[in-house]
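Q: Before I ask anything, let me first share the structure, which is written out below as structure tokens.
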Amino acid sequence: CGVPLWCRRGGEHDDRSLSRPLMLKRGASLFSSLRPYRLQRSLTPARNPTRLANSSSLLTAPRPAAHLRLTTHRGMAACAGCSEKDMEDFGMGRDEVFSVPLAGTLERYDGHVFVCLAASPESWPSDALSVPTAGGFAAGTVLSNAVKAAFKSMPEGTPKMRVTPCHALSTDEEGDLLYFPPRSAGASKQPRVYKASSQEALQAFVDEVIVQGNTETAALPSKPLTGKQFFVCCHTQRDKRCGVCGPPLVTQLAAALSGGMQVRACSHVGGHAYAGNVLMYADQMDWYGYVRPSDVTSFVQAADTNEQGVVSVKLWRGRMGMSPDEHKAKVETMA
């Protein structure tokens, strides 16, 4: 799908002072030189930073830059621009990975709308819904507010909806709505793509498609969304863990997927602690956490063989349309 790797470089963990070599004068000790160097680190370093004073055997080479770009880390793909420290603190090697069971970490919801954004995920602010789309307004914010307003007046038990920005593919248009409807009795289960280029069109989408369930309304141009769909949280401004773990998954999925499958980076979906977070739609919208690049093959194989079940019990967080208790009960039956 041509989705590049995105990752901010280091953030608050990017100690650029470490990229400067420590030079010792002849006869000086390492410890006597540390303090002056830290106070005067703006001075131009020596032209040959690998050459050290003959009297010092403590250092044989400059310390590596903290923002050194990695391509792999412990055999796993690393995000572009990530440092060794980023991968240790925010990547799949962090201490919290697999520290808790994942089944039941997804709250119940019933339908999902993804809003396509042209802006790349690395530029999204913490609130990605506020990113302007074509027409000069933030389609995500307008849609989210319209959904909340509509559901305030609806009876208890009404299906709950999620609105999530995602990065548009070359086949998408900015502002496209990818709708995965509730799986209620008598309703269409077919996901669709809707064109809503104005605020009035977004309101019509909420009123007719979401509230009334008229998924093929003539008020909005739409078409079926076919094929297996993957969404990976890459929202680095919301949480660094997603910015480190997500992009390598998007890249590997994009390279591995066969015809009719698509992967998009998306914004915050909840559960930063479970990054990498992957949403996979085959016939159901299943959520997975702690997903590593090494897990990509099993996901693609499941999608390619039309497997409808849970790809990995260990990684499964839950499914759209089910409650946390139902998630836990399902895992017990699969254990």
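The chains in the structure tokens are called A, B, ... from first to last as shown; in each chain the residues are counted from 1, and the ligands are counted from 1 in the order shown.
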Give me, as a PyMOL selection string, the residues of stretch 174-252 of chain A that a backbone DSSP run labels alpha helix (DSSP H).
A: chain A and resi 199-204+240-252
Q: Now that the selection is made, can you save its residues with C-alpha atoms as an mmCIF file, in the first residue's frame?
A:
```
data_model
loop_
_atom_site.group_PDB
_atom_site.id
_atom_site.type_symbol
_atom_site.label_atom_id
_atom_site.label_comp_id
_atom_site.auth_asym_id
_atom_site.auth_seq_id
_atom_site.Cartn_x
_atom_site.Cartn_y
_atom_site.Cartn_z
ATOM 1 C CA GLN A 199 -20.715 18.949 7.145
ATOM 2 C CA GLU A 200 -24.284 18.477 5.924
ATOM 3 C CA ALA A 201 -23.301 15.158 4.353
ATOM 4 C CA LEU A 202 -21.723 14.025 7.624
ATOM 5 C CA GLN A 203 -24.944 14.825 9.464
ATOM 6 C CA ALA A 204 -26.916 12.880 6.860
ATOM 7 C CA LYS A 240 5.111 6.804 22.115
ATOM 8 C CA ARG A 241 4.543 3.053 22.418
ATOM 9 C CA CYS A 242 2.113 3.154 19.486
ATOM 10 C CA GLY A 243 4.544 5.323 17.494
ATOM 11 C CA VAL A 244 7.336 2.797 18.003
ATOM 12 C CA CYS A 245 5.441 -0.497 17.686
ATOM 13 C CA GLY A 246 2.882 0.418 14.999
ATOM 14 C CA PRO A 247 4.821 1.563 11.905
ATOM 15 C CA PRO A 248 6.919 -1.621 11.500
ATOM 16 C CA LEU A 249 3.688 -3.644 11.623
ATOM 17 C CA VAL A 250 2.111 -1.499 8.892
ATOM 18 C CA THR A 251 5.172 -1.913 6.697
ATOM 19 C CA GLN A 252 5.400 -5.678 7.146
#
```
Q: Neighbouring residues of A:Phe230 were defined as those with any atom within 8 Å, considering only C-alpha atoms; residues of the same chain fewer than 4 positions away were excluded. Please report them as a ChimeraX atom specification.
A: /A:261-264,278-281
Q: Kindly export the residues of the current selection with all heavy atoms, as an mmCIF file, in the first residue's frame.
A:
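Output saved as out.cif:
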```cif
data_model
loop_
_atom_site.group_PDB
_atom_site.id
_atom_site.type_symbol
_atom_site.label_atom_id
_atom_site.label_comp_id
_atom_site.auth_asym_id
_atom_site.auth_seq_id
_atom_site.Cartn_x
_atom_site.Cartn_y
_atom_site.Cartn_z
ATOM 1 N N MET A 261 -6.606 -7.392 0.179
ATOM 2 C CA MET A 261 -6.382 -7.042 1.585
ATOM 3 C C MET A 261 -5.765 -5.652 1.659
ATOM 4 O O MET A 261 -5.004 -5.251 0.784
ATOM 5 C CB MET A 261 -5.445 -8.049 2.252
ATOM 6 C CG MET A 261 -5.908 -9.482 2.180
ATOM 7 S SD MET A 261 -4.735 -10.594 3.009
ATOM 8 C CE MET A 261 -5.320 -12.186 2.439
ATOM 9 N N GLN A 262 -6.097 -4.933 2.711
ATOM 10 C CA GLN A 262 -5.582 -3.576 2.881
ATOM 11 C C GLN A 262 -5.178 -3.341 4.331
ATOM 12 O O GLN A 262 -5.785 -3.890 5.252
ATOM 13 C CB GLN A 262 -6.641 -2.539 2.480
ATOM 14 C CG GLN A 262 -7.020 -2.578 1.003
ATOM 15 C CD GLN A 262 -8.106 -1.575 0.663
ATOM 16 O OE1 GLN A 262 -9.101 -1.448 1.377
ATOM 17 N NE2 GLN A 262 -7.942 -0.860 -0.438
ATOM 18 N N VAL A 263 -4.166 -2.501 4.534
ATOM 19 C CA VAL A 263 -3.747 -2.111 5.878
ATOM 20 C C VAL A 263 -3.611 -0.595 5.928
ATOM 21 O O VAL A 263 -3.078 0.020 5.005
ATOM 22 C CB VAL A 263 -2.417 -2.792 6.289
ATOM 23 C CG1 VAL A 263 -1.295 -2.493 5.313
ATOM 24 C CG2 VAL A 263 -2.020 -2.375 7.706
ATOM 25 N N ARG A 264 -4.137 -0.011 6.985
ATOM 26 C CA ARG A 264 -4.052 1.430 7.193
ATOM 27 C C ARG A 264 -3.549 1.718 8.605
ATOM 28 O O ARG A 264 -3.928 1.021 9.550
ATOM 29 C CB ARG A 264 -5.422 2.106 7.011
ATOM 30 C CG ARG A 264 -6.003 2.025 5.616
ATOM 31 C CD ARG A 264 -7.420 2.568 5.581
ATOM 32 N NE ARG A 264 -8.033 2.550 4.252
ATOM 33 C CZ ARG A 264 -8.611 1.484 3.705
ATOM 34 N NH1 ARG A 264 -8.676 0.343 4.385
ATOM 35 N NH2 ARG A 264 -9.139 1.551 2.504
ATOM 36 N N VAL A 278 -3.509 -4.076 16.811
ATOM 37 C CA VAL A 278 -3.939 -4.362 15.443
ATOM 38 C C VAL A 278 -5.412 -4.733 15.452
ATOM 39 O O VAL A 278 -5.846 -5.584 16.240
ATOM 40 C CB VAL A 278 -3.128 -5.522 14.831
ATOM 41 C CG1 VAL A 278 -3.675 -5.900 13.454
ATOM 42 C CG2 VAL A 278 -1.656 -5.152 14.726
ATOM 43 N N LEU A 279 -6.194 -4.085 14.587
ATOM 44 C CA LEU A 279 -7.593 -4.439 14.378
ATOM 45 C C LEU A 279 -7.673 -5.155 13.035
ATOM 46 O O LEU A 279 -7.177 -4.641 12.024
ATOM 47 C CB LEU A 279 -8.494 -3.211 14.360
ATOM 48 C CG LEU A 279 -8.872 -2.572 15.697
ATOM 49 C CD1 LEU A 279 -7.646 -2.042 16.431
ATOM 50 C CD2 LEU A 279 -9.876 -1.447 15.496
ATOM 51 N N MET A 280 -8.275 -6.327 13.032
ATOM 52 C CA MET A 280 -8.366 -7.138 11.811
ATOM 53 C C MET A 280 -9.828 -7.438 11.512
ATOM 54 O O MET A 280 -10.539 -7.980 12.360
ATOM 55 C CB MET A 280 -7.590 -8.448 11.996
ATOM 56 C CG MET A 280 -7.737 -9.428 10.840
ATOM 57 S SD MET A 280 -6.833 -10.969 11.179
ATOM 58 C CE MET A 280 -7.382 -11.974 9.798
ATOM 59 N N TYR A 281 -10.267 -7.056 10.323
ATOM 60 C CA TYR A 281 -11.628 -7.356 9.903
ATOM 61 C C TYR A 281 -11.581 -8.399 8.797
ATOM 62 O O TYR A 281 -11.079 -8.150 7.698
ATOM 63 C CB TYR A 281 -12.367 -6.114 9.406
ATOM 64 C CG TYR A 281 -13.806 -6.422 9.029
ATOM 65 C CD1 TYR A 281 -14.809 -6.381 9.989
ATOM 66 C CD2 TYR A 281 -14.140 -6.797 7.730
ATOM 67 C CE1 TYR A 281 -16.125 -6.701 9.655
ATOM 68 C CE2 TYR A 281 -15.440 -7.114 7.393
ATOM 69 C CZ TYR A 281 -16.435 -7.064 8.363
ATOM 70 O OH TYR A 281 -17.718 -7.395 8.038
#
```
Q: A:Ser123, A:Asn214, A:Thr105, A:Gln237: which is nearest A:Gly318, counting only C-alpha atoms?
A: A:Thr105
Q: Env of stretch 113-121 of chain A: 8 Å cut, atoms = only C-alpha atoms, seq-sep filter 3 positions within chain, self excluded. Answer as a PyMOL selection string.
A: chain A and resi 6+124+131+133+139-140+161-168+172-180+234-236+265-267
Q: Emit the selected residues as a JSON list (two decimals), in the first residue's frame, including N, CA and C atoms.
A:
```json
[["chain", "number", "residue", "atom", "x", "y", "z"],
["A", 6, "TRP", "N", 6.90, 5.54, 10.05],
["A", 6, "TRP", "CA", 6.89, 6.83, 10.71],
["A", 6, "TRP", "C", 7.30, 6.64, 12.15],
["A", 124, "TRP", "N", 0.00, 13.89, 13.16],
["A", 124, "TRP", "CA", -1.26, 14.03, 13.88],
["A", 124, "TRP", "C", -1.02, 14.53, 15.30],
["A", 131, "VAL", "N", -7.81, 17.02, 13.04],
["A", 131, "VAL", "CA", -7.03, 17.28, 11.82],
["A", 131, "VAL", "C", -7.96, 17.73, 10.70],
["A", 133, "THR", "N", -9.70, 18.31, 7.15],
["A", 133, "THR", "CA", -9.81, 17.51, 5.94],
["A", 133, "THR", "C", -10.22, 18.42, 4.79],
["A", 139, "ALA", "N", -13.37, 16.76, 9.67],
["A", 139, "ALA", "CA", -14.47, 15.80, 9.51],
["A", 139, "ALA", "C", -14.58, 14.90, 10.74],
["A", 140, "GLY", "N", -13.45, 14.54, 11.33],
["A", 140, "GLY", "CA", -13.47, 13.68, 12.50],
["A", 140, "GLY", "C", -14.21, 14.29, 13.67],
["A", 161, "MET", "N", -21.04, 3.45, 19.11],
["A", 161, "MET", "CA", -20.22, 3.66, 17.92],
["A", 161, "MET", "C", -18.85, 4.24, 18.30],
["A", 162, "ARG", "N", -17.85, 3.87, 17.53],
["A", 162, "ARG", "CA", -16.53, 4.46, 17.64],
["A", 162, "ARG", "C", -16.22, 5.23, 16.37],
["A", 163, "VAL", "N", -15.53, 6.36, 16.53],
["A", 163, "VAL", "CA", -15.06, 7.15, 15.38],
["A", 163, "VAL", "C", -13.55, 7.26, 15.50],
["A", 164, "THR", "N", -12.81, 6.79, 14.49],
["A", 164, "THR", "CA", -11.35, 6.74, 14.54],
["A", 164, "THR", "C", -10.75, 7.25, 13.24],
["A", 165, "PRO", "N", -9.85, 8.23, 13.29],
["A", 165, "PRO", "CA", -9.14, 8.63, 12.07],
["A", 165, "PRO", "C", -8.17, 7.55, 11.61],
["A", 166, "CYS", "N", -7.97, 7.47, 10.30],
["A", 166, "CYS", "CA", -6.97, 6.56, 9.75],
["A", 166, "CYS", "C", -6.28, 7.25, 8.58],
["A", 167, "HIS", "N", -5.13, 6.72, 8.20],
["A", 167, "HIS", "CA", -4.36, 7.31, 7.10],
["A", 167, "HIS", "C", -4.88, 6.80, 5.77],
["A", 168, "ALA", "N", -5.24, 7.72, 4.89],
["A", 168, "ALA", "CA", -5.82, 7.35, 3.60],
["A", 168, "ALA", "C", -4.81, 6.64, 2.71],
["A", 172, "ASP", "N", -8.09, 5.70, -1.46],
["A", 172, "ASP", "CA", -9.05, 6.46, -0.67],
["A", 172, "ASP", "C", -9.02, 7.94, -1.05],
["A", 173, "GLU", "N", -10.07, 8.63, -0.71],
["A", 173, "GLU", "CA", -10.09, 10.09, -0.81],
["A", 173, "GLU", "C", -10.17, 10.65, 0.60],
["A", 174, "GLU", "N", -9.53, 11.79, 0.79],
["A", 174, "GLU", "CA", -9.57, 12.42, 2.11],
["A", 174, "GLU", "C", -11.02, 12.68, 2.51],
["A", 175, "GLY", "N", -11.37, 12.28, 3.71],
["A", 175, "GLY", "CA", -12.73, 12.45, 4.19],
["A", 175, "GLY", "C", -13.63, 11.25, 3.97],
["A", 176, "ASP", "N", -13.14, 10.24, 3.25],
["A", 176, "ASP", "CA", -13.92, 9.01, 3.09],
["A", 176, "ASP", "C", -14.24, 8.42, 4.46],
["A", 177, "LEU", "N", -15.43, 7.82, 4.58],
["A", 177, "LEU", "CA", -15.84, 7.16, 5.81],
["A", 177, "LEU", "C", -15.91, 5.66, 5.56],
["A", 178, "LEU", "N", -15.13, 4.90, 6.30],
["A", 178, "LEU", "CA", -15.16, 3.44, 6.21],
["A", 178, "LEU", "C", -16.03, 2.94, 7.36],
["A", 179, "TYR", "N", -17.20, 2.41, 7.04],
["A", 179, "TYR", "CA", -18.19, 2.09, 8.06],
["A", 179, "TYR", "C", -18.34, 0.58, 8.23],
["A", 180, "PHE", "N", -18.15, 0.13, 9.46],
["A", 180, "PHE", "CA", -18.37, -1.27, 9.84],
["A", 180, "PHE", "C", -19.60, -1.29, 10.75],
["A", 234, "CYS", "N", -0.73, 3.85, 15.10],
["A", 234, "CYS", "CA", 0.61, 4.43, 14.92],
["A", 234, "CYS", "C", 0.65, 5.86, 15.49],
["A", 235, "HIS", "N", -0.22, 6.15, 16.45],
["A", 235, "HIS", "CA", -0.44, 7.52, 16.91],
["A", 235, "HIS", "C", 0.63, 7.94, 17.92],
["A", 236, "THR", "N", 1.78, 8.33, 17.42],
["A", 236, "THR", "CA", 2.93, 8.60, 18.29],
["A", 236, "THR", "C", 2.73, 9.80, 19.20],
["A", 265, "ALA", "N", -2.73, 2.73, 8.72],
["A", 265, "ALA", "CA", -2.37, 3.22, 10.05],
["A", 265, "ALA", "C", -3.56, 3.98, 10.59],
["A", 266, "CYS", "N", -3.80, 3.88, 11.90],
["A", 266, "CYS", "CA", -4.93, 4.60, 12.49],
["A", 266, "CYS", "C", -4.48, 5.30, 13.76],
["A", 267, "SER", "N", -5.36, 6.12, 14.29],
["A", 267, "SER", "CA", -5.05, 6.86, 15.51],
["A", 267, "SER", "C", -5.43, 6.03, 16.73]]
```
Q: Using Å and a single decimal, report how far atom CA of A:Gly259 sits from atom CA of A:Gln301.
A: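 Atom-to-atom, atom CA of A:Gln301 to atom CA of A:Gly259, that is 12.6 Å.
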Q: Work out how far atom CA of A:Gly270 is from atom CA of A:Arg238, in Å to one decimal.
A: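 Separating atom CA of A:Arg238 from atom CA of A:Gly270 is a distance of 10.2 Å.
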Q: Between A:Phe137, A:Phe299, A:Phe90, A:Phe231, which has the minimum distance to A:Ser198 (counting only C-alpha atoms)?
A: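 Of A:Phe137, A:Phe299, A:Phe90, A:Phe231, the one nearest A:Ser198 is A:Phe137, counting only C-alpha atoms.
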Q: So which one's closest to A:Gln190, A:Leu143, A:Leu225, A:Ala219, A:Ala103? Using only C-alpha atoms, please.
A: A:Leu225
Q: Set the distance at 12 Å and use only C-alpha atoms: which residues neighbour A:Met334 once local chain neighbours fewer than 6 positions away are removed? I'd like the list as a ChimeraX atom specification.
A: /A:103,309-314,316,327-328
Q: Please dump the current selection as an mmCIF file, in the first residue's frame; keep N, CA, C and O atoms.
A:
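Just written: result.cif:
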```
data_model
loop_
_atom_site.group_PDB
_atom_site.id
_atom_site.type_symbol
_atom_site.label_atom_id
_atom_site.label_comp_id
_atom_site.auth_asym_id
_atom_site.auth_seq_id
_atom_site.Cartn_x
_atom_site.Cartn_y
_atom_site.Cartn_z
ATOM 1 N N ALA A 103 -7.494 -10.746 26.933
ATOM 2 C CA ALA A 103 -8.938 -10.940 26.741
ATOM 3 C C ALA A 103 -9.711 -10.154 27.791
ATOM 4 O O ALA A 103 -9.439 -10.245 28.985
ATOM 5 N N GLY A 309 -12.034 -17.520 12.773
ATOM 6 C CA GLY A 309 -11.826 -17.574 14.209
ATOM 7 C C GLY A 309 -10.745 -16.611 14.683
ATOM 8 O O GLY A 309 -10.245 -15.762 13.937
ATOM 9 N N VAL A 310 -10.376 -16.747 15.949
ATOM 10 C CA VAL A 310 -9.347 -15.914 16.556
ATOM 11 C C VAL A 310 -7.979 -16.398 16.079
ATOM 12 O O VAL A 310 -7.663 -17.587 16.159
ATOM 13 N N VAL A 311 -7.169 -15.480 15.583
ATOM 14 C CA VAL A 311 -5.860 -15.837 15.050
ATOM 15 C C VAL A 311 -4.928 -16.307 16.162
ATOM 16 O O VAL A 311 -4.228 -17.311 16.022
ATOM 17 N N SER A 312 -4.908 -15.567 17.277
ATOM 18 C CA SER A 312 -4.039 -15.912 18.406
ATOM 19 C C SER A 312 -4.786 -15.644 19.705
ATOM 20 O O SER A 312 -5.154 -14.496 19.987
ATOM 21 N N VAL A 313 -5.022 -16.678 20.488
ATOM 22 C CA VAL A 313 -5.724 -16.510 21.762
ATOM 23 C C VAL A 313 -4.921 -15.619 22.695
ATOM 24 O O VAL A 313 -5.475 -14.782 23.416
ATOM 25 N N LYS A 314 -3.612 -15.768 22.667
ATOM 26 C CA LYS A 314 -2.741 -14.993 23.559
ATOM 27 C C LYS A 314 -2.791 -13.508 23.250
ATOM 28 O O LYS A 314 -2.687 -12.664 24.139
ATOM 29 N N TRP A 316 -5.350 -11.911 21.552
ATOM 30 C CA TRP A 316 -6.721 -11.437 21.307
ATOM 31 C C TRP A 316 -7.229 -10.592 22.464
ATOM 32 O O TRP A 316 -7.270 -11.041 23.610
ATOM 33 N N HIS A 327 -15.713 -11.860 26.144
ATOM 34 C CA HIS A 327 -14.355 -12.098 25.639
ATOM 35 C C HIS A 327 -13.646 -13.129 26.508
ATOM 36 O O HIS A 327 -13.026 -14.077 26.001
ATOM 37 N N LYS A 328 -13.713 -12.940 27.821
ATOM 38 C CA LYS A 328 -13.037 -13.850 28.744
ATOM 39 C C LYS A 328 -13.609 -15.260 28.645
ATOM 40 O O LYS A 328 -12.879 -16.241 28.674
#
```
Q: I'd like to know which of A:Ala255, A:Met320, A:Ala196, A:Ala302 is closest to A:Ala134, using only C-alpha atoms.
A: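 Of A:Ala255, A:Met320, A:Ala196, A:Ala302, the one nearest A:Ala134, counting only C-alpha atoms, is A:Ala196.
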Q: Under the rule that only C-alpha atoms are counted, which of A:Val300, A:Leu106, A:Val209, A:Val147 is the nearest residue to A:Asp325?
A: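 Checking each candidate against A:Asp325, we get A:Leu106 as the closest.
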Q: Report as a PyMOL selection string: the residues of stretch 59-307 of chain A with a DSSP assignment of strand (DSSP E or B), based on the backbone of this structure.
A: chain A and resi 72-73+76-77+111-117+161-167+177-180+192-194+222-224+229-233+262-266+278-281+285-288
Q: What is the distance between atom CA of A:Asp127 and atom CA of A:Thr171, in Å to one decimal?
A: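 Atom-to-atom, atom CA of A:Asp127 to atom CA of A:Thr171, that is 24.8 Å.
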